[in-house]
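*Asks:* Input file: start15.pdb. Contents: PDB, C-alpha atoms.
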```pdb
ATOM      1  CA  MET F   1      -4.713  -0.905  -3.665
ATOM      2  CA  ALA F   2      -4.886   2.067  -6.000
ATOM      3  CA  GLY F   3      -8.138   0.895  -7.515
ATOM      4  CA  PRO F   4      -9.824  -2.155  -8.977
ATOM      5  CA  GLY F   5      -7.765  -3.478 -11.857
ATOM      6  CA  SER F   6      -4.949  -0.898 -11.453
ATOM      7  CA  SER F   7      -1.587  -2.039 -10.259
ATOM      8  CA  PRO F   8       0.208  -0.424  -7.337
ATOM      9  CA  CYS F   9       2.685   2.334  -8.089
ATOM     10  CA  ALA F  10       6.377   1.530  -8.282
ATOM     11  CA  SER F  11       7.017   2.829  -4.778
ATOM     12  CA  CYS F  12       4.313   0.759  -3.117
ATOM     13  CA  LYS F  13       5.486  -2.270  -5.056
ATOM     14  CA  LEU F  14       9.040  -1.788  -3.791
ATOM     15  CA  LEU F  15       7.882  -1.038  -0.265
ATOM     16  CA  ARG F  16       5.473  -3.965  -0.419
ATOM     17  CA  ARG F  17       2.494  -2.114   0.851
ATOM     18  CA  ARG F  18      -0.974  -1.208  -0.246
ATOM     19  CA  CYS F  19      -1.107   1.591  -2.768
ATOM     20  CA  ALA F  20      -3.748   3.937  -1.415
ATOM     21  CA  LYS F  21      -5.971   6.013  -3.676
ATOM     22  CA  ASP F  22      -4.238   9.161  -2.448
ATOM     23  CA  CYS F  23      -0.740   7.657  -2.500
ATOM     24  CA  ILE F  24       1.637  10.603  -2.716
ATOM     25  CA  PHE F  25       4.063   8.684  -4.927
ATOM     26  CA  ALA F  26       1.606   7.230  -7.406
ATOM     27  CA  PRO F  27       1.402  10.165  -9.859
ATOM     28  CA  TYR F  28       5.194  10.324 -10.190
ATOM     29  CA  PHE F  29       6.342   6.723  -9.953
ATOM     30  CA  PRO F  30       4.316   4.639 -12.404
ATOM     31  CA  PRO F  31       4.579   0.858 -12.105
ATOM     32  CA  ASP F  32       6.284   0.511 -15.493
ATOM     33  CA  ASP F  33       9.450   2.256 -14.254
ATOM     34  CA  PRO F  34      10.528   0.588 -11.026
ATOM     35  CA  HIS F  35      14.108   1.775 -11.362
ATOM     36  CA  LYS F  36      13.085   5.419 -10.949
ATOM     37  CA  PHE F  37      11.760   4.962  -7.426
ATOM     38  CA  ALA F  38      14.398   2.414  -6.514
ATOM     39  CA  ILE F  39      17.207   4.869  -7.088
ATOM     40  CA  VAL F  40      15.484   7.731  -5.273
ATOM     41  CA  HIS F  41      14.719   5.441  -2.353
ATOM     42  CA  LYS F  42      18.320   4.264  -2.250
ATOM     43  CA  VAL F  43      19.741   7.778  -1.976
ATOM     44  CA  PHE F  44      17.073   9.773  -0.150
ATOM     45  CA  GLY F  45      14.782   7.216   1.419
ATOM     46  CA  ALA F  46      11.051   6.900   0.824
ATOM     47  CA  SER F  47      10.013   8.731   3.972
ATOM     48  CA  ASN F  48      12.269  11.708   3.219
ATOM     49  CA  VAL F  49      10.921  11.929  -0.317
ATOM     50  CA  SER F  50       7.373  11.710   1.008
ATOM     51  CA  LYS F  51       8.033  14.541   3.493
ATOM     52  CA  MET F  52       9.617  16.684   0.778
ATOM     53  CA  LEU F  53       6.670  16.178  -1.551
ATOM     54  CA  GLN F  54       4.136  16.894   1.167
ATOM     55  CA  GLU F  55       5.780  20.273   1.782
ATOM     56  CA  LEU F  56       5.368  21.274  -1.848
ATOM     57  CA  PRO F  57       2.292  22.444  -3.732
ATOM     58  CA  VAL F  58       0.940  19.798  -6.089
ATOM     59  CA  HIS F  59       1.912  21.627  -9.276
ATOM     60  CA  GLN F  60       5.593  21.608  -8.281
ATOM     61  CA  ARG F  61       5.867  17.998  -7.228
ATOM     62  CA  ALA F  62       6.562  16.551 -10.683
ATOM     63  CA  ASP F  63       9.553  18.817 -11.164
ATOM     64  CA  ALA F  64      10.753  18.085  -7.654
ATOM     65  CA  VAL F  65      10.572  14.336  -8.294
ATOM     66  CA  ASN F  66      12.451  14.696 -11.561
ATOM     67  CA  SER F  67      15.206  16.715  -9.938
ATOM     68  CA  LEU F  68      15.464  14.187  -7.112
ATOM     69  CA  VAL F  69      15.747  11.362  -9.640
ATOM     70  CA  PHE F  70      18.465  13.286 -11.450
ATOM     71  CA  GLU F  71      20.420  13.901  -8.262
ATOM     72  CA  ALA F  72      20.015  10.299  -7.158
ATOM     73  CA  ASN F  73      21.298   9.060 -10.519
ATOM     74  CA  ALA F  74      24.278  11.399 -10.307
ATOM     75  CA  ARG F  75      25.044  10.200  -6.784
ATOM     76  CA  VAL F  76      24.892   6.537  -7.760
ATOM     77  CA  ARG F  77      27.182   7.188 -10.752
ATOM     78  CA  ASP F  78      29.623   9.189  -8.665
ATOM     79  CA  PRO F  79      29.246   8.284  -4.981
ATOM     80  CA  VAL F  80      31.851  10.838  -3.890
ATOM     81  CA  TYR F  81      30.815  13.984  -5.743
ATOM     82  CA  GLY F  82      27.344  13.345  -7.171
ATOM     83  CA  CYS F  83      25.914  16.433  -8.886
ATOM     84  CA  VAL F  84      28.686  18.583  -7.460
ATOM     85  CA  GLY F  85      31.064  16.981  -9.941
ATOM     86  CA  ALA F  86      28.884  18.152 -12.795
ATOM     87  CA  ILE F  87      28.624  21.650 -11.319
ATOM     88  CA  SER F  88      32.386  21.853 -11.020
ATOM     89  CA  TYR F  89      32.836  20.704 -14.613
ATOM     90  CA  LEU F  90      30.316  23.251 -15.910
ATOM     91  CA  GLN F  91      31.893  26.064 -13.909
ATOM     92  CA  ASN F  92      35.228  25.221 -15.509
ATOM     93  CA  GLN F  93      33.587  25.433 -18.914
ATOM     94  CA  VAL F  94      32.128  28.838 -18.071
ATOM     95  CA  SER F  95      35.547  30.081 -16.935
ATOM     96  CA  GLN F  96      37.234  28.842 -20.087
ATOM     97  CA  LEU F  97      34.638  30.444 -22.310
ATOM     98  CA  GLN F  98      34.930  33.731 -20.445
ATOM     99  CA  MET F  99      38.688  33.566 -20.922
ATOM    100  CA  GLN F 100      38.327  32.938 -24.646
ATOM    101  CA  LEU F 101      35.836  35.779 -24.864
ATOM    102  CA  ALA F 102      38.215  38.157 -23.105
ATOM    103  CA  VAL F 103      40.999  37.170 -25.512
ATOM    104  CA  ALA F 104      38.758  37.703 -28.528
ATOM    105  CA  GLN F 105      37.619  41.094 -27.239
ATOM    106  CA  ALA F 106      41.237  42.087 -26.629
ATOM    107  CA  GLU F 107      42.042  41.036 -30.169
ATOM    108  CA  ILE F 108      39.331  43.306 -31.533
ATOM    109  CA  LEU F 109      40.669  46.231 -29.533
ATOM    110  CA  CYS F 110      44.182  45.575 -30.799
ATOM    111  CA  ILE F 111      43.023  45.439 -34.367
ATOM    112  CA  GLN F 112      40.960  48.603 -33.967
ATOM    113  CA  MET F 113      43.916  50.407 -32.470
ATOM    114  CA  GLN F 114      46.117  49.260 -35.314
ATOM    115  CA  ASN F 115      43.481  50.423 -37.773
ATOM    116  CA  GLU F 116      43.019  53.933 -36.437
ATOM    117  CA  PRO F 117      46.672  54.963 -36.117
ATOM    118  CA  THR F 118      47.266  53.510 -39.572
ATOM    119  CA  LEU F 119      44.560  55.771 -41.006
ATOM    120  CA  GLN F 120      45.865  58.743 -39.104
ATOM    121  CA  SER F 121      49.498  58.021 -39.968
ATOM    122  CA  HIS F 122      48.568  57.632 -43.592
ATOM    123  CA  HIS F 123      47.388  61.228 -43.679
ATOM    124  CA  GLN F 124      50.317  62.376 -41.589
ATOM    125  CA  VAL F 125      52.875  60.878 -44.004
ATOM    126  CA  LEU F 126      51.230  62.708 -46.846
ATOM    127  CA  GLU F 127      51.051  66.050 -45.056
ATOM    128  CA  LEU F 128      53.921  66.122 -42.552
ATOM    129  CA  ASP F 129      57.632  66.451 -42.989
ATOM    130  CA  GLN F 130      60.356  64.274 -41.466
ATOM    131  CA  ASP F 131      60.396  66.156 -38.165
ATOM    132  CA  HIS F 132      56.908  64.873 -37.364
ATOM    133  CA  LYS F 133      57.644  61.206 -38.053
ATOM    134  CA  ALA F 134      58.721  60.872 -34.408
ATOM    135  CA  LEU F 135      55.007  61.134 -33.530
ATOM    136  CA  LEU F 136      54.353  57.882 -35.435
ATOM    137  CA  LEU F 137      56.940  56.043 -33.366
ATOM    138  CA  GLN F 138      55.346  57.334 -30.167
ATOM    139  CA  ASN F 139      51.877  56.072 -31.238
ATOM    140  CA  ASN F 140      53.273  52.584 -31.868
ATOM    141  CA  ASN F 141      54.803  52.480 -28.395
ATOM    142  CA  ASN F 142      51.449  53.456 -26.859
ATOM    143  CA  ASN F 143      49.723  50.585 -28.720
ATOM    144  CA  ASN F 144      52.169  48.057 -27.269
ATOM    145  CA  ASN F 145      51.558  49.316 -23.740
ATOM    146  CA  ASN F 146      47.780  49.057 -24.211
ATOM    147  CA  ASN F 147      48.104  45.456 -25.405
ATOM    148  CA  ASN F 148      50.014  44.541 -22.252
ATOM    149  CA  ASN F 149      47.335  46.161 -20.094
ATOM    150  CA  ILE F 150      44.584  44.173 -21.817
ATOM    151  CA  ASN F 151      46.456  40.913 -21.289
ATOM    152  CA  ASN F 152      46.835  41.749 -17.617
ATOM    153  CA  CYS F 153      43.120  42.502 -17.406
ATOM    154  CA  SER F 154      42.172  39.149 -18.915
ATOM    155  CA  ASN F 155      44.538  37.399 -16.512
ATOM    156  CA  ASN F 156      42.865  39.190 -13.613
ATOM    157  CA  ASN F 157      39.480  38.036 -14.919
ATOM    158  CA  ASN F 158      40.720  34.455 -14.862
ATOM    159  CA  ASN F 159      41.954  34.790 -11.304
ATOM    160  CA  ASN F 160      38.632  36.275 -10.230
ATOM    161  CA  ASN F 161      36.731  33.438 -11.866
ATOM    162  CA  ASN F 162      38.886  30.846 -10.153
ATOM    163  CA  ASN F 163      38.454  32.585  -6.817
ATOM    164  CA  ASN F 164      34.704  32.708  -7.299
ATOM    165  CA  LEU F 165      34.678  28.996  -8.116
ATOM    166  CA  GLY F 166      36.578  28.163  -4.953
ATOM    167  CA  TYR F 167      34.403  30.417  -2.816
ATOM    168  CA  ALA F 168      31.199  29.078  -4.270
ATOM    169  CA  MET F 169      32.234  25.454  -3.866
ATOM    170  CA  SER F 170      33.395  25.902  -0.297
ATOM    171  CA  SER F 171      30.619  28.065   0.991
ATOM    172  CA  GLY F 172      27.777  26.681  -1.086
ATOM    173  CA  GLN F 173      26.552  30.168  -1.870
ATOM    174  CA  PHE F 174      24.574  29.962  -5.061
ATOM    175  CA  ASN F 175      21.728  32.041  -6.308
ATOM    176  CA  SER F 176      18.806  29.787  -6.965
ATOM    177  CA  ASN F 177      16.299  31.890  -8.870
ATOM    178  CA  PHE F 178      15.945  29.864 -12.007
ATOM    179  CA  ALA F 179      13.999  29.433 -15.166
ATOM    180  CA  SER F 180      10.493  28.156 -15.549
ATOM    181  CA  PRO F 181       9.747  24.451 -15.118
ATOM    182  CA  SER F 182       8.784  24.091 -18.782
ATOM    183  CA  SER F 183      12.230  25.207 -20.014
ATOM    184  CA  ILE F 184      13.916  22.830 -17.598
ATOM    185  CA  MET F 185      11.674  20.003 -18.762
ATOM    186  CA  GLN F 186      13.011  20.448 -22.303
ATOM    187  CA  MET F 187      16.655  20.677 -21.324
ATOM    188  CA  GLN F 188      19.203  18.108 -22.497
ATOM    189  CA  MET F 189      22.474  17.835 -20.677
ATOM    190  CA  GLN F 190      25.766  16.386 -21.830
ATOM    191  CA  MET F 191      28.076  15.478 -19.040
ATOM    192  CA  GLN F 192      31.594  14.263 -19.373
ATOM    193  CA  MET F 193      32.800  13.278 -15.985
ATOM    194  CA  GLN F 194      35.818  11.325 -14.902
ATOM    195  CA  ASP F 195      33.960   8.125 -15.579
ATOM    196  CA  PRO F 196      32.522   8.520 -19.066
ATOM    197  CA  LEU F 197      28.886   9.439 -18.809
ATOM    198  CA  LYS F 198      26.441   8.987 -21.597
ATOM    199  CA  GLN F 199      24.328  11.855 -22.774
ATOM    200  CA  GLU F 200      20.992  11.733 -21.002
ATOM    201  CA  SER F 201      17.902  13.793 -20.957
ATOM    202  CA  LEU F 202      17.208  15.565 -17.724
ATOM    203  CA  TRP F 203      13.655  14.390 -17.468
ATOM    204  CA  THR F 204      12.964  10.990 -18.963
TER     205      THR F 204
ATOM    206  CA  MET C   1      31.750   6.821  25.868
ATOM    207  CA  ASN C   2      33.261   9.662  23.923
ATOM    208  CA  PRO C   3      33.077  12.672  26.264
ATOM    209  CA  LYS C   4      32.586  14.958  23.313
ATOM    210  CA  ARG C   5      29.874  13.567  21.103
ATOM    211  CA  CYS C   6      29.977  14.430  17.444
ATOM    212  CA  ALA C   7      27.229  16.614  16.023
ATOM    213  CA  ALA C   8      25.480  13.585  14.535
ATOM    214  CA  CYS C   9      25.282  11.655  17.774
ATOM    215  CA  LYS C  10      24.224  14.778  19.639
ATOM    216  CA  TYR C  11      21.447  15.306  17.139
ATOM    217  CA  LEU C  12      20.404  11.670  17.260
ATOM    218  CA  ARG C  13      20.682  11.666  21.046
ATOM    219  CA  ARG C  14      22.822   8.618  21.276
ATOM    220  CA  ARG C  15      26.241   7.579  22.457
ATOM    221  CA  CYS C  16      29.107   8.511  20.214
ATOM    222  CA  PRO C  17      31.324   5.437  19.936
ATOM    223  CA  LYS C  18      35.048   5.635  19.334
ATOM    224  CA  ASP C  19      34.620   4.382  15.772
ATOM    225  CA  CYS C  20      31.576   6.573  15.011
ATOM    226  CA  ILE C  21      31.445   6.906  11.235
ATOM    227  CA  PHE C  22      30.145  10.474  11.448
ATOM    228  CA  ALA C  23      32.568  11.819  14.046
ATOM    229  CA  PRO C  24      35.457  12.799  11.713
ATOM    230  CA  TYR C  25      33.126  14.827   9.480
ATOM    231  CA  PHE C  26      30.571  16.329  11.821
ATOM    232  CA  PRO C  27      32.369  18.102  14.652
ATOM    233  CA  PRO C  28      30.238  19.156  17.618
ATOM    234  CA  ASN C  29      30.774  22.855  16.921
ATOM    235  CA  ASP C  30      28.720  22.737  13.703
ATOM    236  CA  PRO C  31      25.350  21.137  14.451
ATOM    237  CA  ALA C  32      23.634  22.749  11.463
ATOM    238  CA  LYS C  33      25.752  20.750   9.022
ATOM    239  CA  PHE C  34      24.444  17.395  10.192
ATOM    240  CA  ALA C  35      20.928  18.693  10.721
ATOM    241  CA  CYS C  36      20.737  19.771   7.075
ATOM    242  CA  ILE C  37      22.115  16.524   5.706
ATOM    243  CA  HIS C  38      19.878  14.436   7.979
ATOM    244  CA  ARG C  39      16.812  16.362   6.872
ATOM    245  CA  ILE C  40      17.384  15.511   3.208
ATOM    246  CA  TYR C  41      19.112  12.141   3.229
ATOM    247  CA  GLY C  42      18.592  10.689   6.656
ATOM    248  CA  ALA C  43      21.334   9.485   8.974
ATOM    249  CA  GLY C  44      20.941   5.853   7.929
ATOM    250  CA  ASN C  45      21.403   6.592   4.233
ATOM    251  CA  VAL C  46      24.414   8.814   4.868
ATOM    252  CA  SER C  47      25.962   6.151   7.057
ATOM    253  CA  LYS C  48      25.442   3.493   4.351
ATOM    254  CA  MET C  49      26.914   5.777   1.683
ATOM    255  CA  LEU C  50      29.985   6.512   3.773
ATOM    256  CA  GLN C  51      30.517   2.862   4.637
ATOM    257  CA  GLN C  52      30.653   2.024   0.949
ATOM    258  CA  LEU C  53      33.429   4.534   0.326
ATOM    259  CA  PRO C  54      37.137   4.263   1.078
ATOM    260  CA  ASP C  55      38.289   6.381   4.032
ATOM    261  CA  GLN C  56      40.208   8.891   1.947
ATOM    262  CA  THR C  57      37.161   9.902  -0.097
ATOM    263  CA  ARG C  58      34.651  10.223   2.734
ATOM    264  CA  ALA C  59      35.435  13.815   3.615
ATOM    265  CA  GLU C  60      34.793  14.937   0.043
ATOM    266  CA  ALA C  61      31.625  12.880  -0.104
ATOM    267  CA  VAL C  62      30.329  14.519   3.078
ATOM    268  CA  GLU C  63      31.082  17.988   1.715
ATOM    269  CA  SER C  64      29.283  17.288  -1.534
ATOM    270  CA  LEU C  65      26.304  15.790   0.303
ATOM    271  CA  CYS C  66      26.156  18.861   2.537
ATOM    272  CA  PHE C  67      26.258  21.120  -0.463
ATOM    273  CA  GLU C  68      23.481  19.264  -2.222
ATOM    274  CA  ALA C  69      21.409  19.133   0.941
ATOM    275  CA  LYS C  70      21.795  22.865   1.420
ATOM    276  CA  CYS C  71      20.790  23.483  -2.197
ATOM    277  CA  ARG C  72      17.729  21.321  -1.676
ATOM    278  CA  VAL C  73      16.763  23.194   1.481
ATOM    279  CA  ASP C  74      17.192  26.528  -0.313
ATOM    280  CA  ASP C  75      15.304  25.338  -3.401
ATOM    281  CA  PRO C  76      12.996  22.441  -2.500
ATOM    282  CA  VAL C  77      11.826  21.968  -6.091
ATOM    283  CA  TYR C  78      15.063  21.916  -8.093
ATOM    284  CA  GLY C  79      17.883  21.712  -5.558
ATOM    285  CA  CYS C  80      21.309  21.809  -7.161
ATOM    286  CA  VAL C  81      19.811  20.823 -10.507
ATOM    287  CA  GLY C  82      18.695  24.428 -10.747
ATOM    288  CA  ILE C  83      22.329  25.495 -10.507
ATOM    289  CA  ILE C  84      23.249  23.075 -13.266
ATOM    290  CA  HIS C  85      20.578  24.594 -15.476
ATOM    291  CA  LEU C  86      21.809  28.094 -14.709
ATOM    292  CA  LEU C  87      25.375  27.135 -15.617
ATOM    293  CA  GLN C  88      24.231  25.543 -18.854
ATOM    294  CA  THR C  89      22.403  28.740 -19.747
ATOM    295  CA  GLN C  90      25.552  30.723 -18.972
ATOM    296  CA  ILE C  91      27.588  28.403 -21.179
ATOM    297  CA  GLN C  92      25.125  28.785 -24.025
ATOM    298  CA  ASN C  93      25.194  32.579 -23.717
ATOM    299  CA  ALA C  94      28.986  32.642 -23.509
ATOM    300  CA  GLN C  95      29.287  30.422 -26.591
ATOM    301  CA  ASN C  96      26.962  32.702 -28.543
ATOM    302  CA  GLU C  97      28.862  35.777 -27.420
ATOM    303  CA  LEU C  98      32.180  34.130 -28.301
ATOM    304  CA  ALA C  99      30.987  33.166 -31.767
ATOM    305  CA  LYS C 100      29.753  36.716 -32.349
ATOM    306  CA  THR C 101      33.027  38.230 -31.105
ATOM    307  CA  GLN C 102      35.138  35.869 -33.189
ATOM    308  CA  ALA C 103      33.134  36.878 -36.256
ATOM    309  CA  GLU C 104      33.816  40.525 -35.405
ATOM    310  CA  VAL C 105      37.533  39.703 -35.111
ATOM    311  CA  ALA C 106      37.479  38.156 -38.566
ATOM    312  CA  VAL C 107      35.740  41.223 -40.012
ATOM    313  CA  ALA C 108      38.147  43.597 -38.271
ATOM    314  CA  GLN C 109      41.150  41.623 -39.508
ATOM    315  CA  THR C 110      39.835  41.750 -43.041
ATOM    316  CA  LYS C 111      39.328  45.511 -42.821
ATOM    317  CA  LEU C 112      42.830  45.944 -41.406
ATOM    318  CA  SER C 113      44.490  43.962 -44.161
ATOM    319  CA  GLN C 114      42.496  45.877 -46.770
ATOM    320  CA  THR C 115      43.627  49.158 -45.225
ATOM    321  CA  GLN C 116      47.220  47.980 -45.125
ATOM    322  CA  ASN C 117      47.083  46.848 -48.750
ATOM    323  CA  SER C 118      45.690  50.183 -49.879
ATOM    324  CA  ASP C 119      48.636  51.909 -48.173
ATOM    325  CA  PHE C 120      50.954  50.138 -50.550
TER     326      PHE C 120
END
```
Take the structure in the file and give it back as structure tokens.

*Replies:*
Amino acid sequence: MAGPGSSPCASCKLLRRRCAKDCIFAPYFPPDDPHKFAIVHKVFGASNVSKMLQELPVHQRADAVNSLVFEANARVRDPVYGCVGAISYLQNQVSQLQMQLAVAQAEILCIQMQNEPTLQSHHQVLELDQDHKALLLQNNNNNNNNNNNINNCSNNNNNNNNNNLGYAMSSGQFNSNFASPSSIMQMQMQMQMQDPLKQESLWT
Amino acid sequence: MNPKRCAACKYLRRRCPKDCIFAPYFPPNDPAKFACIHRIYGAGNVSKMLQQLPDQTRAEAVESLCFEAKCRVDDPVYGCVGIIHLLQTQIQNAQNELAKTQAEVAVAQTKLSQTQNSDF
């Protein structure tokens, strides 16, 4: 047992074994939260989790356990896609936001281009005679062409984003250099998946 | 006995029956796929998960399990949760950038209408 008077950890309770003093699970699976280990055991298996934790330095094990619990929960909620469903949803959000950003930036360019020729043409009307008014018509035509080019550029951005999504999902190529554990510990995630999912904290 | 064992049965060094649950998803020409998934989940757990799913969803489930297993191998601490965090950060940054740009649009539109009014 873990010690005189102390109850076995949640994992040893579930596995119905003695909880040794150096039980690898004990620091991360307290006896008051049996569900946490149950779900990790269901998806990954106790021995796999034990092996994974043994391969990690002690200061990283808490974060590893929390991420395993998160993944296990996601897999139980969505047995087909698990966390991948959430990743797909978030990637869609990123694409949509990038699209909206491109549109907004194009809008600014359009407005700026309308502004500058207007200022220039204002002076030209005052100073030039009728023969030079043809120049104003030419400037307006150039503005329309530039607007079309910007729209095409934003469409190309969308296509690139969609291609990247497909590539990433099929090949599993993701960069995994991420933020510090403390920032992840404070993160809250809202997920709306096909089955409605309540807001949950990442580490609870 | 299936003359060509699937990657799972090859890895587990056992016969590959005709109704092997792994065979459709782990062809023998890609042994790394099953090795990765077995390392993280274990063959027994994967088999149980697949048995609980209808046939038409199993292929997708295997692909997502493989992806998550690969993420976990690449990042043993955070796995694919690290990717989720990265995406959330990207979303936050994009939202901030969008809000800023939309404010600039509003300012630019105001300036334009002021300029146009002063013309008249």

*Asks:* Report the residues retrieved by the PyMOL selection byres ((chain C and resi 17) around 10) from the displayed file, expressed as an mmCIF file with C-alpha atoms, in the coordinates of the input.

*Replies:*
```
data_model
loop_
_atom_site.group_PDB
_atom_site.id
_atom_site.type_symbol
_atom_site.label_atom_id
_atom_site.label_comp_id
_atom_site.auth_asym_id
_atom_site.auth_seq_id
_atom_site.Cartn_x
_atom_site.Cartn_y
_atom_site.Cartn_z
ATOM 1 C CA MET C 1 31.750 6.821 25.868
ATOM 2 C CA ASN C 2 33.261 9.662 23.923
ATOM 3 C CA PRO C 3 33.077 12.672 26.264
ATOM 4 C CA ARG C 5 29.874 13.567 21.103
ATOM 5 C CA CYS C 6 29.977 14.430 17.444
ATOM 6 C CA CYS C 9 25.282 11.655 17.774
ATOM 7 C CA ARG C 14 22.822 8.618 21.276
ATOM 8 C CA ARG C 15 26.241 7.579 22.457
ATOM 9 C CA CYS C 16 29.107 8.511 20.214
ATOM 10 C CA LYS C 18 35.048 5.635 19.334
ATOM 11 C CA ASP C 19 34.620 4.382 15.772
ATOM 12 C CA CYS C 20 31.576 6.573 15.011
ATOM 13 C CA ILE C 21 31.445 6.906 11.235
ATOM 14 C CA PHE C 22 30.145 10.474 11.448
ATOM 15 C CA ALA C 23 32.568 11.819 14.046
#
```

*Asks:* Enumerate as an MDAnalysis selection string the residues belonging to chain C that approach chain F to within 6 Å, with all atoms listed in the file taken into account.

*Replies:* chainID C and resid 41 61 64 67 77:78 84 91 98 105 112

*Asks:* Keeping C-alpha atoms, export the residues of the selection given above as a PDB file, in the coordinates of the input.

*Replies:*
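This is the output file out.pdb:
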```pdb
ATOM      1  CA  TYR C  41      19.112  12.141   3.229  1.00  0.00           C
ATOM      2  CA  ALA C  61      31.625  12.880  -0.104  1.00  0.00           C
ATOM      3  CA  SER C  64      29.283  17.288  -1.534  1.00  0.00           C
ATOM      4  CA  PHE C  67      26.258  21.120  -0.463  1.00  0.00           C
ATOM      5  CA  VAL C  77      11.826  21.968  -6.091  1.00  0.00           C
ATOM      6  CA  TYR C  78      15.063  21.916  -8.093  1.00  0.00           C
ATOM      7  CA  ILE C  84      23.249  23.075 -13.266  1.00  0.00           C
ATOM      8  CA  ILE C  91      27.588  28.403 -21.179  1.00  0.00           C
ATOM      9  CA  LEU C  98      32.180  34.130 -28.301  1.00  0.00           C
ATOM     10  CA  VAL C 105      37.533  39.703 -35.111  1.00  0.00           C
ATOM     11  CA  LEU C 112      42.830  45.944 -41.406  1.00  0.00           C
TER      12      LEU C 112
END
```

*Asks:* Kindly give the distance, in Å, that separates atom CA of C:Val81 and atom CA of C:Ala69, rounded to a single decimal.

*Replies:*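 Computed distance, atom CA of C:Val81 to atom CA of C:Ala69, equals 11.7 Å.
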
*Asks:* On this structure, which residues satisfy the PyMOL selection byres ((chain C and resi 33) around 10), written as an NGL selection string?

*Replies:* :C and (7-8 or 25-32 or 34-38 or 62-63 or 66-67 or 69-70)

*Asks:* Provide the atom CA of F:Asp22 to atom CA of F:Cys9 distance in Å, to one decimal place.

*Replies:*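 These atoms are spaced 11.2 Å apart.
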
*Asks:* Grab the atom CA of F:Lys13 to atom CA of F:Pro31 distance for me, in Å with one decimal place.

*Replies:*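 Going from atom CA of F:Lys13 over to atom CA of F:Pro31 covers 7.8 Å.
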
*Asks:* Given the file shown, enumerate the residues that the PyMOL selection byres ((chain F and resi 25) around 8) captures and present them as a ChimeraX atom specification.

*Replies:* /F:9,11,23-24,26-29,50

*Asks:* Would you mind telling me which residue in C:Gly82, C:Leu12, C:Leu87, C:Ser113 lies nearest to C:Ala43 when using all atoms listed in the file?

*Replies:* C:Leu12
